[in-house]
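File shown here: work21.txt, holding compact mmCIF, C-alpha atoms.
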# COMPACT_ATOMS: atom_id res chain seq x y z
CA MET A 1 12.63 -1.57 -4.42
CA ARG A 2 11.75 -1.26 -8.10
CA PHE A 3 8.35 -0.26 -9.47
CA GLU A 4 7.27 -1.15 -13.00
CA LEU A 5 4.36 0.73 -14.53
CA LEU A 6 2.88 -1.90 -16.85
CA ASP A 7 -0.28 -0.34 -18.28
CA LYS A 8 -2.81 2.45 -17.91
CA ASP A 9 -6.55 2.43 -18.47
CA PRO A 10 -7.38 4.73 -21.41
CA ASP A 11 -10.48 6.27 -19.81
CA THR A 12 -9.45 6.72 -16.16
CA ARG A 13 -6.23 7.07 -14.16
CA ALA A 14 -6.26 3.37 -13.21
CA ARG A 15 -2.83 1.75 -13.48
CA ARG A 16 -1.30 -1.70 -13.54
CA GLY A 17 2.10 -2.09 -11.98
CA ARG A 18 4.51 -4.39 -10.26
CA LEU A 19 6.56 -3.83 -7.10
CA HIS A 20 9.80 -5.76 -6.79
CA LEU A 21 10.66 -6.00 -3.09
CA PRO A 22 13.27 -7.89 -1.05
CA HIS A 23 10.80 -10.63 -0.10
CA GLY A 24 8.96 -10.97 -3.40
CA THR A 25 7.06 -9.34 -6.22
CA VAL A 26 3.70 -7.64 -5.71
CA ASP A 27 1.23 -6.84 -8.49
CA THR A 28 -0.66 -3.56 -8.25
CA PRO A 29 -3.30 -2.44 -7.57
CA ILE A 30 -2.89 -4.37 -4.32
CA PHE A 31 -4.78 -4.73 -1.06
CA MET A 32 -2.74 -5.41 2.08
CA PRO A 33 -4.48 -7.22 4.95
CA VAL A 34 -3.60 -5.72 8.32
CA GLY A 35 -1.57 -7.82 10.74
CA THR A 36 -1.38 -5.27 13.55
CA GLN A 37 0.64 -7.27 16.09
CA ALA A 38 2.53 -9.53 13.65
CA THR A 39 -0.64 -11.51 12.99
CA VAL A 40 -3.80 -11.13 10.96
CA LYS A 41 -6.26 -11.92 13.73
CA SER A 42 -7.50 -15.54 13.67
CA MET A 43 -5.33 -16.44 10.64
CA THR A 44 -2.13 -18.46 10.27
CA ALA A 45 0.60 -17.59 7.79
CA ASP A 46 -0.22 -20.77 5.84
CA GLN A 47 -3.87 -19.72 5.55
CA LEU A 48 -2.83 -16.29 4.25
CA ARG A 49 -0.50 -17.87 1.70
CA ALA A 50 -3.31 -20.19 0.58
CA LEU A 51 -5.43 -17.09 -0.12
CA ASP A 52 -2.49 -15.71 -2.14
CA VAL A 53 -1.90 -12.70 0.09
CA GLU A 54 1.05 -10.94 -1.54
CA ILE A 55 1.96 -8.41 1.16
CA LEU A 56 0.92 -7.68 4.76
CA LEU A 57 0.84 -4.51 6.83
CA CYS A 58 2.15 -4.66 10.40
CA ASN A 59 2.08 -1.97 13.06
CA SER A 60 5.38 -0.74 14.43
CA TYR A 61 3.74 1.12 17.35
CA HIS A 62 2.25 -2.06 18.79
CA LEU A 63 5.36 -4.15 18.07
CA PHE A 64 7.57 -1.46 19.65
CA LEU A 65 5.55 -1.74 22.87
CA ARG A 66 5.20 -5.54 22.77
CA PRO A 67 7.41 -7.57 22.43
CA GLY A 68 9.83 -4.79 21.41
CA HIS A 69 11.63 -4.14 18.13
CA GLU A 70 14.98 -5.11 19.65
CA VAL A 71 13.58 -8.50 20.64
CA ILE A 72 12.22 -9.07 17.13
CA SER A 73 15.54 -7.98 15.61
CA ARG A 74 17.48 -10.47 17.77
CA LEU A 75 15.08 -13.20 16.62
CA GLY A 76 15.90 -12.55 12.97
CA GLY A 77 13.46 -9.77 12.07
CA LEU A 78 9.73 -9.63 11.59
CA HIS A 79 9.58 -12.14 8.73
CA SER A 80 11.33 -14.83 10.74
CA PHE A 81 9.46 -13.91 13.92
CA MET A 82 6.00 -14.38 12.39
CA GLY A 83 6.84 -17.11 9.87
CA TRP A 84 5.98 -14.95 6.85
CA ASP A 85 8.25 -15.11 3.80
CA ARG A 86 6.48 -12.53 1.62
CA PRO A 87 6.73 -8.70 1.70
CA ILE A 88 5.71 -6.63 4.72
CA LEU A 89 4.92 -2.92 4.99
CA THR A 90 5.13 -1.33 8.42
CA ASP A 91 3.50 1.95 9.38
CA SER A 92 5.37 4.41 11.56
CA GLY A 93 2.99 4.58 14.50
CA GLY A 94 1.82 8.12 13.68
CA TYR A 95 -1.82 7.14 13.28
CA GLN A 96 -1.85 5.14 16.52
CA VAL A 97 -0.39 8.10 18.38
CA PHE A 98 -3.06 10.31 16.78
CA SER A 99 -5.77 7.93 18.00
CA LEU A 100 -4.45 8.07 21.58
CA ALA A 101 -4.96 11.82 21.99
CA SER A 102 -5.41 11.66 25.76
CA LEU A 103 -2.12 9.79 26.18
CA ARG A 104 0.31 11.87 24.11
CA ASP A 105 2.02 15.23 23.77
CA ILE A 106 3.23 16.31 20.32
CA SER A 107 6.05 18.79 19.71
CA ASP A 108 8.26 19.57 16.74
CA ASP A 109 10.81 17.10 18.13
CA GLY A 110 8.40 14.16 18.13
CA VAL A 111 5.74 12.58 20.30
CA ARG A 112 5.89 11.78 24.01
CA PHE A 113 3.19 9.24 24.80
CA ARG A 114 2.07 6.79 27.45
CA SER A 115 1.59 3.14 26.57
CA HIS A 116 -2.03 2.02 26.38
CA LEU A 117 -0.81 -1.26 27.90
CA ASP A 118 0.80 -0.18 31.17
CA GLY A 119 1.01 3.62 31.17
CA SER A 120 4.80 3.66 30.70
CA SER A 121 6.25 6.75 29.02
CA HIS A 122 7.93 6.63 25.60
CA PHE A 123 9.23 9.02 22.97
CA LEU A 124 8.78 8.56 19.22
CA GLY A 125 10.63 10.87 16.87
CA PRO A 126 11.34 10.68 13.14
CA GLU A 127 14.71 9.01 13.65
CA SER A 128 13.45 6.48 16.20
CA ALA A 129 10.45 5.66 14.00
CA VAL A 130 12.84 4.75 11.18
CA ASP A 131 15.15 2.86 13.53
CA ILE A 132 12.27 0.76 14.91
CA GLN A 133 11.14 -0.20 11.41
CA MET A 134 14.67 -0.98 10.27
CA LYS A 135 15.06 -3.32 13.23
CA LEU A 136 11.77 -4.99 12.31
CA GLY A 137 13.14 -5.57 8.81
CA SER A 138 10.04 -4.66 6.81
CA ASP A 139 10.31 -4.27 3.04
CA ILE A 140 8.57 -0.88 3.06
CA MET A 141 8.68 1.60 5.94
CA MET A 142 6.68 4.78 6.47
CA CYS A 143 7.82 8.21 7.65
CA LEU A 144 6.50 9.47 10.96
CA ASP A 145 3.68 11.93 10.33
CA ASP A 146 1.28 14.11 12.29
CA CYS A 147 -2.33 13.15 11.56
CA LEU A 148 -5.36 15.30 12.39
CA ALA A 149 -9.03 14.33 12.54
CA TYR A 150 -11.58 16.01 10.30
CA PRO A 151 -12.76 18.70 10.67
CA ALA A 152 -9.94 21.10 11.51
CA SER A 153 -9.11 24.62 10.39
CA HIS A 154 -6.78 25.50 7.54
CA LEU A 155 -4.36 26.87 10.15
CA GLU A 156 -4.38 23.62 12.14
CA PHE A 157 -4.00 21.43 9.05
CA GLY A 158 -1.19 23.68 7.80
CA LYS A 159 0.74 23.43 11.06
CA SER A 160 0.28 19.66 11.14
CA MET A 161 1.32 19.24 7.49
CA ARG A 162 4.46 21.34 7.83
CA ARG A 163 5.46 19.43 10.94
CA SER A 164 4.96 16.20 8.99
CA MET A 165 7.16 17.54 6.18
CA GLU A 166 9.93 18.46 8.62
CA TRP A 167 9.69 14.97 10.07
CA ALA A 168 9.77 13.46 6.57
CA GLY A 169 13.03 15.29 5.88
CA ARG A 170 14.52 14.01 9.12
CA CYS A 171 13.34 10.46 8.38
CA HIS A 172 14.86 10.66 4.90
CA ARG A 173 18.22 11.96 6.13
CA TYR A 174 18.44 9.42 8.94
CA PHE A 175 17.46 6.53 6.68
CA ASP A 176 20.17 7.47 4.20
CA SER A 177 22.78 7.81 6.95
CA VAL A 178 22.44 4.45 8.66
CA SER A 179 23.44 0.96 7.68
CA ASP A 180 21.25 -2.14 7.63
CA PRO A 181 20.76 -3.15 11.29
CA ALA A 182 17.97 -5.61 10.44
CA GLY A 183 20.45 -7.78 8.59
CA ILE A 184 18.52 -8.10 5.34
CA GLY A 185 21.24 -6.63 3.15
CA GLU A 186 21.80 -9.90 1.32
CA ILE A 187 18.33 -9.78 -0.24
CA GLY A 188 17.92 -6.06 -0.78
CA ARG A 189 17.53 -2.77 1.00
CA GLN A 190 14.41 -1.55 2.73
CA SER A 191 12.47 1.35 1.22
CA LEU A 192 11.04 4.43 2.95
CA PHE A 193 7.82 6.06 1.71
CA GLY A 194 6.80 9.66 2.32
CA ILE A 195 3.26 10.58 3.39
CA VAL A 196 1.28 13.48 1.88
CA GLN A 197 -0.70 15.41 4.50
CA GLY A 198 -2.74 18.61 4.48
CA GLY A 199 -6.26 17.61 5.39
CA THR A 200 -8.94 18.57 2.86
CA HIS A 201 -7.19 21.72 1.62
CA PRO A 202 -5.82 21.54 -1.95
CA ASP A 203 -3.09 24.15 -1.41
CA LEU A 204 -1.74 22.31 1.65
CA ARG A 205 -1.86 18.94 -0.11
CA LYS A 206 0.04 20.36 -3.09
CA GLU A 207 2.66 21.96 -0.86
CA SER A 208 3.10 18.66 0.95
CA ALA A 209 3.40 16.63 -2.26
CA ASP A 210 5.86 19.12 -3.76
CA ARG A 211 8.09 19.01 -0.68
CA LEU A 212 8.08 15.22 -0.57
CA THR A 213 8.86 14.77 -4.25
CA THR A 214 11.80 17.14 -3.86
CA LEU A 215 13.22 14.70 -1.31
CA GLY A 216 12.87 11.87 -3.82
CA PHE A 217 11.13 9.01 -2.00
CA PRO A 218 10.68 5.71 -3.90
CA GLY A 219 6.94 5.73 -3.10
CA TYR A 220 4.30 8.11 -1.76
CA ALA A 221 1.38 7.57 0.58
CA ILE A 222 -1.72 9.73 0.89
CA GLY A 223 -2.41 9.96 4.61
CA GLY A 224 -4.84 11.77 6.84
CA LEU A 225 -7.97 10.52 5.09
CA ALA A 226 -10.74 8.22 6.32
CA VAL A 227 -10.61 10.22 9.58
CA GLY A 228 -14.17 11.52 9.51
CA GLU A 229 -14.52 13.35 6.21
CA PRO A 230 -17.34 12.31 3.81
CA ASN A 231 -16.36 9.96 0.99
CA PRO A 232 -16.92 12.46 -1.85
CA LEU A 233 -14.51 14.86 -0.16
CA MET A 234 -11.94 12.07 0.24
CA TYR A 235 -12.18 11.30 -3.48
CA GLU A 236 -11.81 15.00 -4.26
CA VAL A 237 -8.59 15.22 -2.23
CA ILE A 238 -7.11 12.18 -4.01
CA ASP A 239 -8.14 13.62 -7.38
CA GLN A 240 -6.25 16.82 -6.58
CA VAL A 241 -3.14 15.15 -5.13
CA GLU A 242 -2.53 12.41 -7.70
CA PRO A 243 -1.37 14.66 -10.59
CA VAL A 244 1.29 16.20 -8.34
CA LEU A 245 2.86 12.83 -7.51
CA PRO A 246 5.47 11.21 -9.79
CA GLN A 247 3.91 8.94 -12.38
CA ASP A 248 6.71 6.37 -12.08
CA LYS A 249 6.31 5.83 -8.32
CA PRO A 250 3.68 3.79 -6.42
CA ARG A 251 0.86 5.63 -4.62
CA TYR A 252 -0.49 4.20 -1.38
CA LEU A 253 -3.80 5.32 0.15
CA MET A 254 -3.60 4.61 3.87
CA GLY A 255 -6.48 3.00 5.78
CA VAL A 256 -9.09 2.82 2.98
CA GLY A 257 -11.65 1.29 2.56
CA THR A 258 -14.79 -0.50 1.29
CA PRO A 259 -14.77 -2.53 -1.97
CA ALA A 260 -16.48 0.41 -3.71
CA ASP A 261 -13.76 2.72 -2.32
CA LEU A 262 -11.12 0.51 -3.91
CA VAL A 263 -12.75 0.86 -7.33
CA GLU A 264 -13.19 4.63 -6.98
CA CYS A 265 -9.64 5.21 -5.78
CA VAL A 266 -8.02 2.92 -8.35
CA ALA A 267 -9.80 5.08 -10.94
CA LEU A 268 -7.99 8.07 -9.40
CA GLY A 269 -4.56 6.47 -9.77
CA VAL A 270 -4.03 4.74 -6.40
CA ASP A 271 -1.91 1.56 -6.45
CA MET A 272 -1.86 0.30 -2.84
CA PHE A 273 -4.46 -0.03 -0.08
CA ASP A 274 -4.79 -1.33 3.46
CA CYS A 275 -7.76 -1.44 5.81
CA VAL A 276 -8.87 -3.32 8.92
CA MET A 277 -12.42 -3.44 7.58
CA PRO A 278 -12.46 -7.01 6.16
CA THR A 279 -10.93 -8.55 9.28
CA ARG A 280 -12.66 -6.42 11.92
CA HIS A 281 -16.03 -6.78 10.21
CA ALA A 282 -15.49 -10.54 9.96
CA ARG A 283 -15.15 -10.82 13.73
CA ASN A 284 -18.39 -8.83 14.07
CA GLY A 285 -20.28 -11.07 11.64
CA TRP A 286 -20.39 -8.54 8.78
CA LEU A 287 -19.68 -10.42 5.54
CA PHE A 288 -19.05 -8.92 2.11
CA THR A 289 -20.82 -10.11 -1.05
CA ARG A 290 -21.00 -8.84 -4.63
CA SER A 291 -24.45 -7.42 -3.97
CA GLY A 292 -23.62 -5.74 -0.68
CA HIS A 293 -23.05 -7.12 2.81
CA ILE A 294 -24.91 -9.45 5.16
CA ALA A 295 -25.01 -9.44 8.96
CA ILE A 296 -24.80 -13.16 9.68
CA LYS A 297 -26.43 -12.86 13.13
CA HIS A 298 -29.80 -11.96 11.61
CA ALA A 299 -32.55 -14.51 12.21
CA GLU A 300 -33.28 -14.82 8.48
CA TYR A 301 -30.12 -16.91 8.11
CA LYS A 302 -30.94 -19.44 10.84
CA GLU A 303 -32.05 -22.09 8.34
CA ASP A 304 -30.45 -20.68 5.19
CA PRO A 305 -28.55 -23.44 3.33
CA ALA A 306 -26.95 -21.03 0.83
CA PRO A 307 -23.30 -19.94 0.98
CA ILE A 308 -22.40 -16.38 1.93
CA ASP A 309 -22.12 -15.50 -1.76
CA SER A 310 -23.09 -17.96 -4.50
CA CYS A 311 -20.57 -16.31 -6.85
CA CYS A 312 -17.65 -16.60 -4.41
CA ALA A 313 -15.01 -19.31 -4.88
CA CYS A 314 -13.47 -18.99 -1.42
CA PRO A 315 -12.97 -22.14 0.73
CA VAL A 316 -15.78 -21.04 3.07
CA CYS A 317 -18.40 -20.50 0.38
CA ARG A 318 -17.52 -23.85 -1.19
CA VAL A 319 -18.30 -25.76 2.00
CA TYR A 320 -20.32 -23.88 4.63
CA SER A 321 -23.85 -22.52 4.75
CA ARG A 322 -25.09 -19.24 6.14
CA ALA A 323 -27.01 -21.28 8.72
CA TYR A 324 -23.79 -22.88 10.00
CA LEU A 325 -21.89 -19.60 10.04
CA ARG A 326 -24.74 -17.96 11.96
CA HIS A 327 -24.69 -20.82 14.47
CA LEU A 328 -20.95 -20.38 15.03
CA PHE A 329 -21.32 -16.63 15.48
CA MET A 330 -24.25 -16.90 17.89
CA ALA A 331 -22.40 -19.59 19.87
CA ASN A 332 -19.31 -17.33 20.07
CA GLU A 333 -17.15 -20.07 18.59
CA ILE A 334 -13.56 -19.20 17.62
CA LEU A 335 -14.13 -20.88 14.27
CA SER A 336 -16.62 -18.13 13.43
CA SER A 337 -13.85 -15.53 13.31
CA VAL A 338 -11.60 -17.85 11.31
CA LEU A 339 -14.14 -18.68 8.60
CA ASN A 340 -15.56 -15.16 8.38
CA THR A 341 -12.06 -13.71 8.06
CA ILE A 342 -11.09 -16.17 5.33
CA HIS A 343 -14.15 -15.16 3.33
CA ASN A 344 -13.74 -11.40 3.76
CA ILE A 345 -10.02 -11.40 2.94
CA PHE A 346 -10.67 -13.59 -0.09
CA PHE A 347 -13.43 -11.20 -1.19
CA TYR A 348 -11.12 -8.17 -1.00
CA LEU A 349 -8.27 -9.95 -2.78
CA ASP A 350 -10.63 -11.24 -5.45
CA THR A 351 -12.00 -7.72 -5.90
CA ILE A 352 -8.47 -6.45 -6.50
CA ARG A 353 -7.66 -9.32 -8.89
CA ARG A 354 -10.73 -8.54 -10.97
CA ILE A 355 -9.98 -4.83 -10.91
CA ARG A 356 -6.63 -5.71 -12.48
CA GLN A 357 -8.39 -7.78 -15.13
CA PHE A 358 -10.65 -4.85 -16.05
CA ILE A 359 -7.61 -2.56 -16.34
CA ASP A 360 -5.77 -5.14 -18.46
CA ALA A 361 -8.79 -5.35 -20.78
CA HIS A 362 -9.07 -1.52 -20.93
CA ARG A 363 -12.64 -1.86 -19.62
CA PHE A 364 -12.22 -0.37 -16.18
CA LYS A 365 -14.65 2.46 -16.85
CA GLU A 366 -17.45 -0.12 -17.22
CA LEU A 367 -16.78 -1.36 -13.71
CA LEU A 368 -16.53 2.15 -12.31
CA THR A 369 -19.86 3.11 -13.90
CA GLU A 370 -21.61 0.06 -12.45
CA VAL A 371 -20.27 0.69 -8.95
CA ARG A 372 -21.47 4.28 -9.09
CA GLN A 373 -24.91 3.28 -10.36
CA THR A 374 -25.54 0.31 -8.06
CA GLY A 375 -23.23 0.85 -5.09
CA SER A 376 -22.03 -2.76 -5.44
CA CYS A 377 -19.53 -4.77 -7.44
CA ARG A 378 -21.70 -7.36 -9.23
CA SER A 379 -19.40 -7.42 -12.27
CA LEU A 380 -16.62 -8.57 -10.03
Rewrite the structure of this file - the entire thing - as structure tokens.
Amino acid sequence: MRFELLDKDPDTRARRGRLHLPHGTVDTPIFMPVGTQATVKSMTADQLRALDVEILLCNSYHLFLRPGHEVISRLGGLHSFMGWDRPILTDSGGYQVFSLASLRDISDDGVRFRSHLDGSSHFLGPESAVDIQMKLGSDIMMCLDDCLAYPASHLEFGKSMRRSMEWAGRCHRYFDSVSDPAGIGEIGRQSLFGIVQGGTHPDLRKESADRLTTLGFPGYAIGGLAVGEPNPLMYEVIDQVEPVLPQDKPRYLMGVGTPADLVECVALGVDMFDCVMPTRHARNGWLFTRSGHIAIKHAEYKEDPAPIDSCCACPVCRVYSRAYLRHLFMANEILSSVLNTIHNIFFYLDTIRRIRQFIDAHRFKELLTEVRQTGSCRSL
């Protein structure tokens, strides 16, 4: 992996960059749609390519349980398995284990957990987390980390962070010691990112970032946010962590967020984002627009001939009315999820594209000011 830092906004920390990965080049800032089980729900790979999705996130925990990373490896790796020829980032499974608190037991060695599918027992440690992702063949892999929900005490966050740092060291050593079992050596080596933890405590976040940068990862994620803390506190944590991270490496904020969050966090120096919000909300009939969101099930749209967003150039807004989309949703038609997802993913990707344009024009502060004043992204 190679990261180019192309430009910086003069009035904020917003950056323009480019990631060169084994399966293609990705411009940053970037939003990664989430394809949890080797699929973005209701979307084909061709539809994602048509929207110009540059990189996907897939979930190694779910793929480890079903169909199994060894199966995917024997079938040529995750790219071949899902028919996707562009970059993929896989997470380690740490967050999924965190979310299954009643089914797992964490120790310094790793995590013993029971499958949410059939109750079978499994162990996930730093080395096995790396091995699973190497077998999947993703372009970017994540270290195994220990994630806590907010709120927690300084003592609890400190214990969790230091465990995560020990795991990061083990992931790093194991990754450097093994060959390329996924068989992608002919197009480039996979990359492993470290994850900054420490909850909402500045001293713990700095200790975590310092320890990770000493190890020398090619990229750094900010984890353990969007787990219950208020947004202003999340922004404060990012503001404190960013200066500690290397300027010449990409920064990835995990699991965030709304379109306004993207603008705020780009202003703080974040380069990469993922979130289930556009796809999950699409299936629930929650559609994003430049002036806010609409809930398509509401009766006011029953005879509304307008598109979701008159300023949107997505394939859905060019053809379909709110009335039709409401009908599909109320009738529980599969096409409802497809069309809603196309629109929401397009909206997020278009938001990111326009954010890049504002950075390129050195006008990003204008956009940031508008978002803070109006709570929406009308300039986008």
message: Env of Val256 in chain A: 9 Å cut, atoms = only C-alpha atoms, seq-sep filter 4 positions within chain, self excluded. Answer as a count of residues only.
response: 9
query: Which residues come within 9 Å of range 284-298 of chain A, counting only C-alpha atoms, excluding same-chain residues fewer than 3 positions away, as a PyMOL selection string?
result: chain A and resi 259+278-281+301-302+308-312+322-323+325-327+329-330+336-337+340-341+343-344+347-348+374-380
query: Could you work out how far CA of Pro87 in chain A lies from CA of Gly35 in chain A, giving the answer in Å with one decimal?
result: 12.3 Å
field: Contact residues around range 209-222 of chain A with all atoms listed in the file at 6 Å, ignoring same-chain residues under 6 positions, as a ChimeraX atom specification
entry: /A:193-196,249-253
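Note that CA of Ile345 in chain A and CA of Leu89 in chain A are 17.3 Å apart.
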- prompt: Contacts of Ile352 in chain A at 7 Å or less, counting all atoms listed in the file, minus same-chain residues fewer than 5 places along, as a ChimeraX atom specification?
  reply: /A:29-31
- prompt: Could you name the residues that touch Tyr235 in chain A at 8 Å or less, counting only C-alpha atoms, but leaving out those on the same chain fewer than 3 positions away, as a count of residues only?
  reply: 7
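Comparing the minimum interatomic distances between Pro10 in chain A and each of A:Leu368, A:Ile359, A:Leu63, A:Ala282, counting only C-alpha atoms, we find that A:Ile359 sits nearest.
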- prompt: In Å, how far is it from CA of Leu136 in chain A to CA of Ser60 in chain A?
  reply: 8.0 Å
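Restricting the calculation to all atoms listed in the file, the smallest distance between Leu204 in chain A and any of A:Val237, A:Val319, A:Val266, A:Val130 is found for A:Val237.
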task: Considering only C-alpha atoms, state which residue in the set A:Arg74, A:His69, A:Arg13, A:Arg205 is at the smallest distance from Ala129 in chain A.
output: A:His69
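Using all atoms listed in the file, the protein and nucleic acid residues lying at most 9 Å from the point (11.0, 9.2, 15.7) are Ser92, Asp109, Gly110, Val111, Phe123, Leu124, Gly125, Pro126, Glu127, Ser128, Ala129, Val130, Asp131, Ile132, Cys143, Leu144, Trp167, Arg170 and Cys171 of chain A.
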First collect every listed atom of range 334-345 of chain A; then fit an axis-aligned box around them, widen it by 5 Å on each side, and give centre and edge lengths in Å to one decimal, as AutoDock Vina command-line options.
--center_x -13.3 --center_y -16.1 --center_z 10.3 --size_x 16.6 --size_y 19.5 --size_z 24.7
query: Taking into account only C-alpha atoms, which residue in the set A:Gly94, A:Gly228, A:Gly198, A:Gly83 is nearest to Leu48 in chain A?
result: A:Gly83
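With only C-alpha atoms as the basis for measurement, A:Ala45 is the residue among A:Ala45, A:Ala50, A:Leu103, A:Met142 that approaches Trp84 in chain A most closely.
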- line: Counting only C-alpha atoms, the residue among A:Arg372, A:Arg363, A:His23, A:Lys206 that lies closest to Lys8 in chain A is A:Arg363
